[in-house]
Amino acid sequence: MSQDQPNNPLHGVKLAEILQYLVSNYGWEELSQKVNINSFKRNPSIKSSLKFLRRTPWARDKVERLYLKSIK
């Protein structure tokens with residue numbers, strides 16, 4: 001049973017897709033300036049950043065907000 005969420009722009013968008021979009025648009029250096037997270041600064045990778053973002057709600061929230069601003 002699936003639920004429709006027409007007012008949620010993040011519905012159906014995976015965290016990995018969000019991160020890949022942001023990295024392709026900004027690059028790691030600019031992304032680390034916009035969202036101050038060490039996993040974006042030191043030896044950044046999609047895998048390590050996803051691991052951190054999944055464990056850290058405040059960081060994930062910042063990344064999701066940046067994504068929403070950048071797609072508008």
# chains A, B, ... in the order shown; residues from 1 in each chain; ligands from 1
$ residues_around --residues "Arg42 (chain A)" --least-positions-apart "2" --cutoff "10 Å" --atoms "only C-alpha atoms" --output "PDB file with C-alpha atoms, in the first residue's frame"
ATOM      1  CA  TRP A  28      32.929  18.793  -2.825  1.00  0.00           C
ATOM      2  CA  GLU A  29      34.753  22.010  -1.941  1.00  0.00           C
ATOM      3  CA  SER A  32      31.621  21.712   2.257  1.00  0.00           C
ATOM      4  CA  ILE A  37      30.435  18.719   7.509  1.00  0.00           C
ATOM      5  CA  ASN A  38      33.833  17.045   7.873  1.00  0.00           C
ATOM      6  CA  SER A  39      32.878  14.161   5.585  1.00  0.00           C
ATOM      7  CA  PHE A  40      32.603  16.757   2.788  1.00  0.00           C
ATOM      8  CA  PRO A  44      35.067  13.079   0.544  1.00  0.00           C
ATOM      9  CA  SER A  45      33.193  10.219  -1.056  1.00  0.00           C
TER      10      SER A  45
END
$ closest_atom_pairs --of "region 15-45 of chain A" --to "region 51-67 of chain A" --cutoff "7 Å" --atoms "only C-alpha atoms" --output "JSON lines"
{"residue": "A:Ile18", "atom": "CA", "partner": "A:Tyr67", "partner_atom": "CA", "distance": 6.6}
{"residue": "A:Leu22", "atom": "CA", "partner": "A:Tyr67", "partner_atom": "CA", "distance": 6.7}
{"residue": "A:Val35", "atom": "CA", "partner": "A:Lys62", "partner_atom": "CA", "distance": 6.8}
$ write_last_selection --atoms "N, CA and C atoms" --output "PDB file, in the first residue's frame"
ATOM      1  N   ILE A  18      20.149  12.720  -3.999  1.00  0.00           N
ATOM      2  CA  ILE A  18      20.297  14.110  -3.547  1.00  0.00           C
ATOM      3  C   ILE A  18      21.773  14.472  -3.467  1.00  0.00           C
ATOM      4  N   LEU A  22      23.928  17.253  -5.686  1.00  0.00           N
ATOM      5  CA  LEU A  22      24.636  18.374  -5.077  1.00  0.00           C
ATOM      6  C   LEU A  22      26.118  18.362  -5.426  1.00  0.00           C
ATOM      7  N   VAL A  35      27.553  23.450   3.494  1.00  0.00           N
ATOM      8  CA  VAL A  35      27.151  22.591   4.603  1.00  0.00           C
ATOM      9  C   VAL A  35      28.436  22.156   5.299  1.00  0.00           C
TER      10      VAL A  35
END
$ residues_around --residues "region 3-15 of chain A" --least-positions-apart "2" --cutoff "8 Å" --atoms "only C-alpha atoms" --output "PyMOL selection string"
chain A and resi 1+17-19+50+68
$ write_last_selection --atoms "C-alpha atoms" --output "short mmCIF file (atom, residue, chain, number, x, y, z; two decimals), in the first residue's frame"
data_model
loop_
_atom_site.label_atom_id
_atom_site.label_comp_id
_atom_site.auth_asym_id
_atom_site.auth_seq_id
_atom_site.Cartn_x
_atom_site.Cartn_y
_atom_site.Cartn_z
CA MET A 1 0.00 0.00 0.00
CA GLU A 17 20.43 10.87 -5.54
CA ILE A 18 20.30 14.11 -3.55
CA LEU A 19 23.98 13.88 -2.67
CA LEU A 50 25.89 8.77 2.97
CA LEU A 68 15.39 21.93 -2.17
#
$ closest_residue --among "A:Gln20, A:Tyr26, A:Lys72, A:Gln33" --to "Ile46 (chain A)" --atoms "only C-alpha atoms"
A:Gln20
$ select_by_dssp --residues "chain A" --states "alpha helix (DSSP H)" --output "VMD selection string"
chain A and resid 15 to 34 38 to 41 46 to 55 57 to 71
